[in-house]
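One file, input_14.cif, carrying mmCIF, C-alpha atoms and all ligand atoms:
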data_my_file
loop_
_atom_site.label_atom_id
_atom_site.label_comp_id
_atom_site.auth_asym_id
_atom_site.auth_seq_id
_atom_site.Cartn_x
_atom_site.Cartn_y
_atom_site.Cartn_z
CA MET V 1 23.69 6.19 -7.09
CA ALA V 2 21.36 3.96 -5.12
CA LYS V 3 18.39 2.69 -7.07
CA ILE V 4 15.20 0.72 -6.70
CA LEU V 5 14.54 -1.99 -9.25
CA LEU V 6 10.92 -2.88 -9.94
CA HIS V 7 10.52 -6.42 -11.19
CA LYS V 8 7.78 -6.43 -13.78
CA GLU V 9 7.41 -10.22 -13.99
CA ASN V 10 6.88 -10.43 -10.24
CA LEU V 11 4.29 -7.66 -10.34
CA PHE V 12 2.39 -9.40 -13.15
CA HIS V 13 2.63 -12.69 -11.25
CA ASN V 14 1.04 -11.05 -8.18
CA LEU V 15 -1.62 -9.36 -10.29
CA ASN V 16 -2.55 -12.71 -11.82
CA LEU V 17 -2.99 -14.21 -8.34
CA ILE V 18 -5.12 -11.22 -7.29
CA LEU V 19 -7.14 -11.43 -10.47
CA LYS V 20 -7.82 -15.13 -9.97
CA GLN V 21 -9.03 -14.49 -6.44
CA ALA V 22 -11.15 -11.46 -7.35
CA GLY V 23 -12.76 -13.18 -10.33
CA LYS V 24 -12.25 -10.60 -13.05
CA ILE V 25 -10.15 -7.56 -13.79
CA GLN V 26 -13.06 -5.13 -13.40
CA LYS V 27 -13.19 -6.20 -9.77
CA VAL V 28 -9.60 -5.18 -9.04
CA ALA V 29 -8.65 -1.73 -7.76
CA ILE V 30 -5.00 -1.35 -6.84
CA VAL V 31 -4.06 0.85 -3.90
CA LEU V 32 -1.33 3.31 -4.89
CA LYS V 33 -1.30 5.53 -1.83
CA ASP V 34 1.97 6.84 -0.43
CA ASN V 35 3.91 6.65 -3.66
CA ALA V 36 2.59 3.14 -4.40
CA TYR V 37 3.79 1.89 -1.02
CA GLY V 38 7.17 3.46 -1.68
CA HIS V 39 7.63 1.79 -5.07
CA GLY V 40 7.07 4.87 -7.26
CA ILE V 41 3.52 5.82 -8.20
CA ILE V 42 4.22 6.68 -11.85
CA GLU V 43 6.31 3.58 -12.56
CA ILE V 44 3.76 1.26 -10.94
CA SER V 45 0.84 3.03 -12.66
CA SER V 46 2.43 2.55 -16.08
CA LEU V 47 2.90 -1.16 -15.40
CA LEU V 48 -0.64 -1.56 -14.08
CA LYS V 49 -1.97 0.12 -17.20
CA GLU V 50 0.05 -2.24 -19.36
CA PHE V 51 -1.45 -5.18 -17.45
CA GLY V 52 -4.95 -3.80 -17.98
CA ILE V 53 -5.89 -2.56 -14.50
CA LYS V 54 -8.52 0.19 -14.76
CA LYS V 55 -9.12 1.19 -11.14
CA ALA V 56 -6.79 2.79 -8.60
CA VAL V 57 -7.06 3.97 -5.02
CA VAL V 58 -4.97 6.85 -3.68
CA LYS V 59 -4.64 8.89 -0.52
CA ASN V 60 -5.28 12.41 -1.77
CA PHE V 61 -6.10 14.68 -4.67
CA LYS V 62 -2.43 15.33 -5.44
CA GLU V 63 -1.81 11.63 -6.00
CA ALA V 64 -4.99 11.33 -8.06
CA LEU V 65 -3.84 14.12 -10.39
CA LYS V 66 -0.51 12.39 -10.93
CA ILE V 67 -2.10 9.20 -12.23
CA LYS V 68 -5.27 10.47 -13.86
CA ASP V 69 -4.16 9.42 -17.35
CA TYR V 70 -3.42 5.84 -16.35
CA PHE V 71 -6.81 4.76 -15.00
CA ASP V 72 -10.53 5.01 -15.75
CA TYR V 73 -11.53 5.16 -12.12
CA ILE V 74 -9.72 6.70 -9.14
CA LEU V 75 -10.90 6.56 -5.54
CA VAL V 76 -9.42 9.17 -3.20
CA LEU V 77 -9.42 7.92 0.38
CA SER V 78 -8.66 10.81 2.64
CA ASN V 79 -8.97 14.21 1.09
CA LYS V 80 -10.83 16.93 2.92
CA ASN V 81 -10.72 19.49 0.14
CA PHE V 82 -13.09 17.90 -2.31
CA ASN V 83 -12.28 18.99 -5.79
CA ASN V 84 -14.68 18.32 -8.59
CA PHE V 85 -11.84 18.16 -11.07
CA HIS V 86 -12.36 15.05 -13.06
CA HIS V 87 -15.33 12.80 -13.76
CA ASN V 88 -13.14 9.76 -13.04
CA PHE V 89 -12.38 10.86 -9.49
CA HIS V 90 -14.41 9.51 -6.59
CA PHE V 91 -14.02 10.81 -3.05
CA ALA V 92 -14.46 8.86 0.16
CA LEU V 93 -16.86 10.47 2.61
CA ASN V 94 -15.24 9.69 5.96
CA CYS V 95 -17.80 11.25 8.27
CA PHE V 96 -21.29 12.69 8.28
CA GLU V 97 -20.18 16.20 9.23
CA LEU V 98 -18.19 16.54 6.00
CA ILE V 99 -21.29 16.42 3.79
CA LYS V 100 -21.75 20.19 4.07
CA ASP V 101 -18.31 20.73 2.45
CA LEU V 102 -19.05 18.66 -0.66
CA PRO V 103 -19.47 20.50 -3.95
CA ASN V 104 -22.37 19.57 -6.25
CA ASN V 105 -22.08 16.76 -8.76
CA ILE V 106 -19.05 15.24 -7.13
CA ASN V 107 -18.70 11.43 -7.03
CA VAL V 108 -18.79 10.11 -3.50
CA HIS V 109 -18.13 6.75 -1.90
CA ILE V 110 -19.77 6.56 1.51
CA LYS V 111 -17.45 4.95 4.03
CA VAL V 112 -19.37 3.05 6.70
CA ASP V 113 -17.81 2.25 10.05
CA THR V 114 -18.55 -1.43 10.63
CA GLY V 115 -16.24 -1.82 13.59
CA MET V 116 -12.81 -0.37 12.96
CA HIS V 117 -13.86 3.02 14.41
CA ARG V 118 -11.25 4.89 12.41
CA ASN V 119 -13.33 6.56 9.70
CA GLY V 120 -16.82 6.36 8.29
CA ILE V 121 -20.41 7.27 9.02
CA LEU V 122 -22.25 5.16 11.57
CA PRO V 123 -24.52 2.46 10.15
CA GLU V 124 -27.54 4.26 11.63
CA GLN V 125 -26.63 7.42 9.68
CA LEU V 126 -26.95 5.64 6.34
CA GLU V 127 -30.40 6.87 5.37
CA ASP V 128 -29.73 10.45 6.49
CA THR V 129 -26.48 10.43 4.55
CA PHE V 130 -28.21 9.32 1.36
CA PHE V 131 -30.91 11.92 1.90
CA LYS V 132 -28.44 14.76 2.35
CA LEU V 133 -26.27 13.70 -0.59
CA VAL V 134 -29.20 13.29 -2.97
CA GLU V 135 -30.49 16.68 -1.87
CA LYS V 136 -27.14 18.22 -2.85
CA ASN V 137 -27.14 16.48 -6.23
CA ILE V 138 -24.14 14.40 -5.35
CA ASN V 139 -23.47 11.16 -7.20
CA ILE V 140 -23.27 8.29 -4.75
CA THR V 141 -21.01 5.95 -6.68
CA GLY V 142 -19.83 3.70 -3.85
CA VAL V 143 -20.52 2.38 -0.36
CA PHE V 144 -17.63 0.73 1.42
CA THR V 145 -16.07 -0.35 4.66
CA HIS V 146 -12.66 -1.39 5.93
CA HIS V 147 -11.59 -4.40 8.02
CA LYS V 148 -9.73 -3.96 11.27
CA ASN V 149 -8.56 -7.54 11.65
CA ALA V 150 -8.67 -9.36 8.32
CA ASP V 151 -5.03 -10.33 8.82
CA ASN V 152 -5.80 -12.24 12.00
CA ILE V 153 -7.58 -15.51 11.29
CA LEU V 154 -8.06 -16.14 15.01
CA SER V 155 -10.25 -13.06 15.39
CA LYS V 156 -14.02 -13.03 14.80
CA ASP V 157 -14.02 -9.37 13.71
CA PHE V 158 -13.76 -10.30 10.04
CA GLU V 159 -17.00 -12.32 10.04
CA GLN V 160 -18.81 -9.77 12.20
CA GLN V 161 -17.86 -6.88 9.93
CA ASN V 162 -18.83 -8.91 6.87
CA LEU V 163 -22.22 -9.65 8.39
CA LEU V 164 -22.83 -6.00 9.18
CA PHE V 165 -21.69 -4.94 5.72
CA SER V 166 -24.13 -7.44 4.12
CA LYS V 167 -26.95 -5.83 6.08
CA ILE V 168 -25.77 -2.39 4.98
CA LYS V 169 -25.80 -3.50 1.36
CA GLU V 170 -29.41 -4.67 1.71
CA GLU V 171 -30.39 -1.39 3.27
CA VAL V 172 -28.61 0.58 0.54
CA LYS V 173 -30.52 -1.38 -2.11
CA LYS V 174 -33.81 -0.41 -0.48
CA ILE V 175 -32.80 3.22 -0.09
CA CYS V 176 -31.72 3.45 -3.72
CA LYS V 177 -35.04 2.04 -4.85
CA ARG V 178 -36.86 4.60 -2.76
CA PHE V 179 -34.81 7.50 -4.11
CA SER V 180 -34.78 6.02 -7.63
CA ILE V 181 -31.02 6.27 -7.87
CA LYS V 182 -28.45 3.95 -9.34
CA LEU V 183 -27.01 1.31 -7.07
CA PRO V 184 -23.50 2.28 -5.92
CA ALA V 185 -20.47 -0.03 -6.10
CA PHE V 186 -19.82 -2.01 -2.94
CA HIS V 187 -16.32 -2.80 -1.69
CA SER V 188 -14.79 -3.98 1.56
CA CYS V 189 -11.67 -6.09 0.95
CA ASN V 190 -8.05 -5.17 1.46
CA SER V 191 -5.36 -7.73 0.56
CA SER V 192 -5.78 -10.06 3.51
CA ALA V 193 -9.58 -9.97 3.28
CA LEU V 194 -9.40 -10.79 -0.43
CA PHE V 195 -7.41 -13.95 0.26
CA ARG V 196 -9.75 -14.99 3.09
CA HIS V 197 -12.86 -15.07 0.93
CA LYS V 198 -13.74 -18.05 -1.26
CA SER V 199 -15.24 -15.74 -3.83
CA ILE V 200 -15.86 -12.02 -4.03
CA GLU V 201 -19.44 -10.79 -3.98
CA ASP V 202 -18.52 -7.10 -3.78
CA ASP V 203 -18.14 -5.05 -6.95
CA PHE V 204 -14.44 -4.60 -6.41
CA VAL V 205 -11.56 -5.09 -3.99
CA ARG V 206 -8.95 -2.57 -2.83
CA VAL V 207 -5.66 -4.40 -2.93
CA GLY V 208 -2.47 -2.79 -1.67
CA ILE V 209 0.26 -4.84 -0.08
CA ALA V 210 -0.36 -8.07 -2.04
CA THR V 211 0.33 -6.19 -5.27
CA TYR V 212 3.79 -5.46 -3.98
CA GLY V 213 4.41 -9.07 -2.98
CA TYR V 214 3.69 -9.17 0.73
CA LEU V 215 0.85 -10.23 2.96
CA GLU V 216 0.88 -9.72 6.70
CA THR V 217 -1.38 -12.43 8.07
CA ASN V 218 -1.22 -15.43 10.37
CA SER V 219 -3.01 -17.68 7.88
CA LYS V 220 -1.23 -20.95 7.13
CA THR V 221 -2.20 -20.99 3.48
CA LEU V 222 -0.63 -17.97 1.90
CA PRO V 223 -0.64 -17.17 -1.81
CA ASN V 224 2.75 -17.37 -3.47
CA LEU V 225 3.31 -13.63 -3.84
CA LYS V 226 6.67 -12.27 -4.98
CA PRO V 227 8.21 -9.00 -3.76
CA ILE V 228 8.55 -6.66 -6.72
CA MET V 229 11.06 -4.21 -5.28
CA SER V 230 14.78 -4.61 -4.73
CA LEU V 231 17.06 -1.92 -3.35
CA TRP V 232 20.57 -1.45 -4.72
CA ALA V 233 23.43 0.71 -3.46
CA ASN V 234 26.73 1.79 -5.01
CA LYS V 235 30.17 1.78 -3.53
CA VAL V 236 31.46 5.16 -2.37
CA SER V 237 34.80 4.16 -0.88
CA SER V 238 36.80 1.09 0.19
CA ARG V 239 39.50 0.46 2.78
CA ILE V 240 41.17 -2.20 4.85
CA LEU V 241 39.88 -2.28 8.39
CA LYS V 242 42.85 -3.51 10.37
CA LYS V 243 42.57 -5.89 13.26
CA GLY V 244 41.33 -3.91 16.31
CA GLU V 245 40.03 -0.96 14.25
CA SER V 246 36.37 -0.05 14.25
CA VAL V 247 33.99 1.56 11.75
CA GLY V 248 31.28 4.21 11.83
CA TYR V 249 29.59 6.30 14.54
CA GLY V 250 30.43 5.07 18.01
CA GLY V 251 32.92 2.65 16.51
CA THR V 252 30.58 -0.13 17.47
CA TYR V 253 31.95 -2.74 15.07
CA THR V 254 35.53 -3.77 15.71
CA SER V 255 37.31 -6.17 13.43
CA LYS V 256 39.06 -9.24 14.83
CA LYS V 257 41.35 -9.41 11.79
CA ASP V 258 42.28 -7.31 8.76
CA ILE V 259 39.25 -7.14 6.49
CA SER V 260 38.30 -5.35 3.33
CA ILE V 261 35.24 -3.10 3.74
CA SER V 262 33.33 -0.62 1.59
CA THR V 263 30.86 2.14 2.24
CA TYR V 264 27.68 2.34 0.12
CA ASP V 265 25.38 5.22 -0.73
CA ILE V 266 22.27 4.37 1.23
CA GLY V 267 21.29 5.39 4.75
CA TYR V 268 18.35 6.33 6.91
CA GLY V 269 18.11 9.71 5.13
CA ASP V 270 17.08 7.69 2.07
CA GLY V 271 14.48 5.87 4.09
CA PHE V 272 16.53 2.77 4.82
CA LEU V 273 15.71 2.69 8.54
CA ARG V 274 18.68 2.95 10.85
CA LEU V 275 20.29 -0.25 12.06
CA ASN V 276 22.50 -0.24 15.12
CA GLU V 277 25.06 -2.57 16.66
CA ASN V 278 22.33 -4.69 18.25
CA GLN V 279 20.63 -5.42 14.95
CA HIS V 280 22.35 -7.80 12.59
CA TYR V 281 21.43 -7.53 8.95
CA THR V 282 22.87 -9.54 6.09
CA THR V 283 22.25 -8.71 2.42
CA PRO V 284 20.89 -11.39 0.05
CA LYS V 285 24.45 -12.15 -1.08
CA GLY V 286 25.65 -12.58 2.51
CA PHE V 287 27.36 -9.23 3.17
CA LYS V 288 27.03 -7.92 6.71
CA VAL V 289 26.13 -4.38 7.72
CA LEU V 290 29.03 -3.39 9.97
CA GLY V 291 28.29 -1.05 12.87
CA ARG V 292 25.62 1.64 12.65
CA VAL V 293 23.86 2.84 9.54
CA SER V 294 24.35 6.59 9.15
CA MET V 295 22.23 9.16 7.32
CA ASP V 296 23.64 8.61 3.86
CA PHE V 297 25.95 5.62 4.18
CA LEU V 298 26.29 2.11 5.41
CA THR V 299 29.32 -0.15 5.50
CA LEU V 300 29.55 -3.75 4.33
CA ASN V 301 32.29 -6.39 4.27
CA SER V 302 32.14 -6.21 0.49
CA ASN V 303 34.18 -4.90 -2.40
CA GLU V 304 31.53 -5.03 -5.06
CA GLU V 305 30.69 -1.89 -7.02
CA GLU V 306 26.96 -2.42 -6.65
CA VAL V 307 25.22 -4.42 -3.94
CA CYS V 308 21.64 -5.58 -3.54
CA ILE V 309 20.62 -4.35 -0.09
CA PHE V 310 17.33 -6.26 -0.11
CA ASP V 311 15.04 -8.09 -2.50
CA ASN V 312 12.56 -8.96 0.25
CA VAL V 313 11.92 -6.85 3.34
CA LYS V 314 10.49 -9.60 5.56
CA ASN V 315 13.78 -9.92 7.48
CA LEU V 316 14.26 -6.19 7.85
CA ALA V 317 10.70 -5.85 9.13
CA LYS V 318 11.45 -8.49 11.75
CA ILE V 319 14.69 -6.76 12.78
CA HIS V 320 12.90 -3.43 13.13
CA ASN V 321 9.99 -5.05 14.92
CA THR V 322 7.54 -3.68 12.37
CA ILE V 323 5.58 -4.70 9.28
CA SER V 324 6.66 -4.82 5.64
CA TYR V 325 4.39 -1.82 4.90
CA GLU V 326 6.54 0.49 7.02
CA ILE V 327 9.86 -0.61 5.54
CA ILE V 328 8.76 -0.03 1.95
CA THR V 329 6.67 3.15 2.33
CA THR V 330 9.52 4.90 4.10
CA LEU V 331 11.89 4.74 1.11
CA SER V 332 12.66 8.17 -0.28
CA LYS V 333 10.91 9.40 -3.41
CA ASP V 334 14.31 10.65 -4.59
CA ILE V 335 15.82 7.22 -5.09
CA ARG V 336 15.86 6.41 -8.80
CA ARG V 337 13.29 3.79 -9.85
CA GLU V 338 14.01 1.47 -12.73
CA ILE V 339 11.72 -1.10 -14.26
CA THR V 340 13.28 -4.45 -15.09
CA LYS V 341 11.86 -7.77 -16.26
C1 LIG D 1 -4.45 1.00 2.61
C2 LIG D 1 -5.86 0.61 2.42
C3 LIG D 1 -6.19 -0.55 1.69
C4 LIG D 1 -5.15 -1.55 1.22
O1 LIG D 1 -4.75 -2.36 2.29
P1 LIG D 1 -3.69 -3.56 2.07
O2 LIG D 1 -3.66 -4.23 3.38
O3 LIG D 1 -2.40 -2.92 1.72
O4 LIG D 1 -4.22 -4.40 0.97
C5 LIG D 1 -7.52 -0.79 1.42
N1 LIG D 1 -8.49 0.06 1.87
C6 LIG D 1 -8.20 1.16 2.60
C7 LIG D 1 -9.32 2.01 3.07
C8 LIG D 1 -6.89 1.46 2.91
O5 LIG D 1 -6.63 2.54 3.66
#

Let me see whether you can do it: turn the structure in this file into structure tokens.
Ligand SMILES: *Cc1c(COP(=O)(O)O)cnc(C)c1O
Amino acid sequence: MAKILLHKENLFHNLNLILKQAGKIQKVAIVLKDNAYGHGIIEISSLLKEFGIKKAVVKNFKEALKIKDYFDYILVLSNKNFNNFHHNFHFALNCFELIKDLPNNINVHIKVDTGMHRNGILPEQLEDTFFKLVEKNINITGVFTHHKNADNILSKDFEQQNLLFSKIKEEVKKICKRFSIKLPAFHSCNSSALFRHKSIEDDFVRVGIATYGYLETNSKTLPNLKPIMSLWANKVSSRILKKGESVGYGGTYTSKKDISISTYDIGYGDGFLRLNENQHYTTPKGFKVLGRVSMDFLTLNSNEEEVCIFDNVKNLAKIHNTISYEIITTLSKDIRREITK
């Protein structure tokens, strides 16, 4: 059976780099949305707990429930059914119109749109938002924003959004004084933003991809992150492909001589995106994917019982003309996850 190995030492190595950059562990919230970027939300949560991480960020209420016993503080990014289930849950408010749907006493982080124009209230709605939330007895526990271009050092968006967010923080401080309410936590950094700052003034950072060992940026000075996931497949069958014979759908790979090949139990149905005859992929040990990848199988010029399909998805991302995020989040939840050292 195919499996995903999670390398604990690599994860802890990445967490130490993140921790050093953020300043202290209380300032680190790890993003676990979409099954911890395909790694396995329970497995990663247990390791993060062991390391001492207290804060997590997830996509929805369902994910939050899964990990509630691992963390002291969980931010839910995109739920629309706000559920006042747990005092440790905090819900992102993604637009002004949603305030009417919030139950009393819920914890809310106000998302402010500082330029990405994906989610968030407008900066000029800040005071009204506070007013309405306070009126409804809602706990405003955070104010945050998200960068649209932190991964591109050539763009000025990062500085502009930072400037606007600084102004928002000042305004929030004044508003809180006026309403006599506690100052909320401020946060704005994803992975690439974290590694662009010299030091972190916000109360915490929301780090996703760097945790898992990747960073998609054009910066020349990248931290030495290590991928924590490797994908392994098992042999299903072997045969000799005779000279002139071809393998798989369309018979797109034809052998020039007799070779020994085997089929392995991973395919695009498992989330290993389909490769075709125009895309050449070689495993870390140098085995070649022959012909097309099918739903549940792929064929290699290998005889080994178990083969490492990847231990770094950079190459695959390049072949598929996409980013590491997409390659890893697509992996099926049904593949067995195993923690190793
Ligand atoms: C996914 C996400 C993050 C994490 O981004 P990375 O680039 O993976 O570090 C942070 N904040 C928000 C709002 C997100 O949606």

At a cut-off of 7 Å, using only C-alpha atoms, what residues contact stretch 291-308 of chain V? Leave out same-chain residues fewer than 2 positions from it and give the result as a PDB file with C-alpha atoms, keeping the file's coordinate frame.
ATOM      1  CA  LEU V 231      17.060  -1.920  -3.350  1.00  0.00           C
ATOM      2  CA  TRP V 232      20.570  -1.450  -4.720  1.00  0.00           C
ATOM      3  CA  ALA V 233      23.430   0.710  -3.460  1.00  0.00           C
ATOM      4  CA  ASN V 234      26.730   1.790  -5.010  1.00  0.00           C
ATOM      5  CA  LYS V 235      30.170   1.780  -3.530  1.00  0.00           C
ATOM      6  CA  VAL V 247      33.990   1.560  11.750  1.00  0.00           C
ATOM      7  CA  GLY V 248      31.280   4.210  11.830  1.00  0.00           C
ATOM      8  CA  TYR V 249      29.590   6.300  14.540  1.00  0.00           C
ATOM      9  CA  GLY V 251      32.920   2.650  16.510  1.00  0.00           C
ATOM     10  CA  THR V 252      30.580  -0.130  17.470  1.00  0.00           C
ATOM     11  CA  TYR V 253      31.950  -2.740  15.070  1.00  0.00           C
ATOM     12  CA  SER V 260      38.300  -5.350   3.330  1.00  0.00           C
ATOM     13  CA  ILE V 261      35.240  -3.100   3.740  1.00  0.00           C
ATOM     14  CA  SER V 262      33.330  -0.620   1.590  1.00  0.00           C
ATOM     15  CA  THR V 263      30.860   2.140   2.240  1.00  0.00           C
ATOM     16  CA  TYR V 264      27.680   2.340   0.120  1.00  0.00           C
ATOM     17  CA  ASP V 265      25.380   5.220  -0.730  1.00  0.00           C
ATOM     18  CA  ILE V 266      22.270   4.370   1.230  1.00  0.00           C
ATOM     19  CA  GLY V 267      21.290   5.390   4.750  1.00  0.00           C
ATOM     20  CA  TYR V 268      18.350   6.330   6.910  1.00  0.00           C
ATOM     21  CA  GLY V 269      18.110   9.710   5.130  1.00  0.00           C
ATOM     22  CA  ASP V 270      17.080   7.690   2.070  1.00  0.00           C
ATOM     23  CA  ARG V 274      18.680   2.950  10.850  1.00  0.00           C
ATOM     24  CA  LEU V 275      20.290  -0.250  12.060  1.00  0.00           C
ATOM     25  CA  ASN V 276      22.500  -0.240  15.120  1.00  0.00           C
ATOM     26  CA  GLU V 277      25.060  -2.570  16.660  1.00  0.00           C
ATOM     27  CA  THR V 283      22.250  -8.710   2.420  1.00  0.00           C
ATOM     28  CA  PRO V 284      20.890 -11.390   0.050  1.00  0.00           C
ATOM     29  CA  PHE V 287      27.360  -9.230   3.170  1.00  0.00           C
ATOM     30  CA  LYS V 288      27.030  -7.920   6.710  1.00  0.00           C
ATOM     31  CA  VAL V 289      26.130  -4.380   7.720  1.00  0.00           C
ATOM     32  CA  PHE V 310      17.330  -6.260  -0.110  1.00  0.00           C
TER      33      PHE V 310
END

Exercise for the section: Show me which residues sit within 10 Å of ligand LIG 1 (chain D) when counting all atoms listed in the file, and put them as a PyMOL selection string. Expected result: chain V and resi 29-34+36-37+57-59+75-78+92+111+118-119+144-148+150-151+187-194+205-212+214-217+325

Mind dumping the selected residues with C-alpha atoms as an mmCIF file, in the frame of the given file?
data_model
loop_
_atom_site.group_PDB
_atom_site.id
_atom_site.type_symbol
_atom_site.label_atom_id
_atom_site.label_comp_id
_atom_site.auth_asym_id
_atom_site.auth_seq_id
_atom_site.Cartn_x
_atom_site.Cartn_y
_atom_site.Cartn_z
ATOM 1 C CA ALA V 29 -8.650 -1.730 -7.760
ATOM 2 C CA ILE V 30 -5.000 -1.350 -6.840
ATOM 3 C CA VAL V 31 -4.060 0.850 -3.900
ATOM 4 C CA LEU V 32 -1.330 3.310 -4.890
ATOM 5 C CA LYS V 33 -1.300 5.530 -1.830
ATOM 6 C CA ASP V 34 1.970 6.840 -0.430
ATOM 7 C CA ALA V 36 2.590 3.140 -4.400
ATOM 8 C CA TYR V 37 3.790 1.890 -1.020
ATOM 9 C CA VAL V 57 -7.060 3.970 -5.020
ATOM 10 C CA VAL V 58 -4.970 6.850 -3.680
ATOM 11 C CA LYS V 59 -4.640 8.890 -0.520
ATOM 12 C CA LEU V 75 -10.900 6.560 -5.540
ATOM 13 C CA VAL V 76 -9.420 9.170 -3.200
ATOM 14 C CA LEU V 77 -9.420 7.920 0.380
ATOM 15 C CA SER V 78 -8.660 10.810 2.640
ATOM 16 C CA ALA V 92 -14.460 8.860 0.160
ATOM 17 C CA LYS V 111 -17.450 4.950 4.030
ATOM 18 C CA ARG V 118 -11.250 4.890 12.410
ATOM 19 C CA ASN V 119 -13.330 6.560 9.700
ATOM 20 C CA PHE V 144 -17.630 0.730 1.420
ATOM 21 C CA THR V 145 -16.070 -0.350 4.660
ATOM 22 C CA HIS V 146 -12.660 -1.390 5.930
ATOM 23 C CA HIS V 147 -11.590 -4.400 8.020
ATOM 24 C CA LYS V 148 -9.730 -3.960 11.270
ATOM 25 C CA ALA V 150 -8.670 -9.360 8.320
ATOM 26 C CA ASP V 151 -5.030 -10.330 8.820
ATOM 27 C CA HIS V 187 -16.320 -2.800 -1.690
ATOM 28 C CA SER V 188 -14.790 -3.980 1.560
ATOM 29 C CA CYS V 189 -11.670 -6.090 0.950
ATOM 30 C CA ASN V 190 -8.050 -5.170 1.460
ATOM 31 C CA SER V 191 -5.360 -7.730 0.560
ATOM 32 C CA SER V 192 -5.780 -10.060 3.510
ATOM 33 C CA ALA V 193 -9.580 -9.970 3.280
ATOM 34 C CA LEU V 194 -9.400 -10.790 -0.430
ATOM 35 C CA VAL V 205 -11.560 -5.090 -3.990
ATOM 36 C CA ARG V 206 -8.950 -2.570 -2.830
ATOM 37 C CA VAL V 207 -5.660 -4.400 -2.930
ATOM 38 C CA GLY V 208 -2.470 -2.790 -1.670
ATOM 39 C CA ILE V 209 0.260 -4.840 -0.080
ATOM 40 C CA ALA V 210 -0.360 -8.070 -2.040
ATOM 41 C CA THR V 211 0.330 -6.190 -5.270
ATOM 42 C CA TYR V 212 3.790 -5.460 -3.980
ATOM 43 C CA TYR V 214 3.690 -9.170 0.730
ATOM 44 C CA LEU V 215 0.850 -10.230 2.960
ATOM 45 C CA GLU V 216 0.880 -9.720 6.700
ATOM 46 C CA THR V 217 -1.380 -12.430 8.070
ATOM 47 C CA TYR V 325 4.390 -1.820 4.900
#

Problem - Given only C-alpha atoms as the counted atoms, nearest of V:Thr221, V:Lys54, V:Gly250, V:Phe85 to V:Asp72 - result: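 So, comparing all the options, the nearest one is V:Lys54.
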
Test item: residues at most 10 Å from V:Lys226, all atoms listed in the file, excluding those fewer than 2 positions along its chain, as a compact mmCIF listing (two decimals) with C-alpha atoms, in the frame of the given file:
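Writing done, so here's out_31.txt:
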# COMPACT_ATOMS: atom_id res chain seq x y z
CA HIS V 7 10.52 -6.42 -11.19
CA GLU V 9 7.41 -10.22 -13.99
CA ASN V 10 6.88 -10.43 -10.24
CA LEU V 11 4.29 -7.66 -10.34
CA PHE V 12 2.39 -9.40 -13.15
CA HIS V 13 2.63 -12.69 -11.25
CA ASN V 14 1.04 -11.05 -8.18
CA ALA V 210 -0.36 -8.07 -2.04
CA THR V 211 0.33 -6.19 -5.27
CA TYR V 212 3.79 -5.46 -3.98
CA GLY V 213 4.41 -9.07 -2.98
CA TYR V 214 3.69 -9.17 0.73
CA PRO V 223 -0.64 -17.17 -1.81
CA ASN V 224 2.75 -17.37 -3.47
CA ILE V 228 8.55 -6.66 -6.72
CA MET V 229 11.06 -4.21 -5.28
CA ASP V 311 15.04 -8.09 -2.50
CA ASN V 312 12.56 -8.96 0.25

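Of the listed residues V:Asp334, V:Ile121, V:Ala22, V:Tyr70, the one whose atoms come nearest to V:Met1 is V:Asp334, with distances taken using all atoms listed in the file.
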
Handout entry: Surrounding residues of V:His320 excluding itself and chain neighbours under 6 positions, 12 Å, all atoms listed in the file, as number ranges by chain
Key = V: 272-276, 278-281, 313-314, 326-327

Dump N, CA and C atoms of stretch 129-137 of chain V from the given block, as a CSV table (one decimal), in the first residue's frame.
chain,number,residue,atom,x,y,z
V,129,THR,N,-17.7,48.4,12.3
V,129,THR,CA,-17.6,46.9,12.6
V,129,THR,C,-17.4,46.7,14.1
V,130,PHE,N,-16.5,47.5,14.7
V,130,PHE,CA,-16.3,47.4,16.1
V,130,PHE,C,-17.6,47.7,16.9
V,131,PHE,N,-18.3,48.8,16.4
V,131,PHE,CA,-19.5,49.2,17.1
V,131,PHE,C,-20.6,48.1,17.1
V,132,LYS,N,-20.8,47.5,15.9
V,132,LYS,CA,-21.8,46.5,15.7
V,132,LYS,C,-21.4,45.2,16.6
V,133,LEU,N,-20.1,44.9,16.6
V,133,LEU,CA,-19.7,43.7,17.3
V,133,LEU,C,-19.9,43.9,18.8
V,134,VAL,N,-19.5,45.0,19.3
V,134,VAL,CA,-19.6,45.3,20.7
V,134,VAL,C,-21.0,45.3,21.1
V,135,GLU,N,-21.8,45.9,20.3
V,135,GLU,CA,-23.3,45.9,20.5
V,135,GLU,C,-23.9,44.5,20.7
V,136,LYS,N,-23.3,43.6,19.9
V,136,LYS,CA,-23.8,42.2,20.0
V,136,LYS,C,-23.1,41.3,21.0
V,137,ASN,N,-22.3,42.0,21.8
V,137,ASN,CA,-21.5,41.3,22.9
V,137,ASN,C,-20.6,40.2,22.3
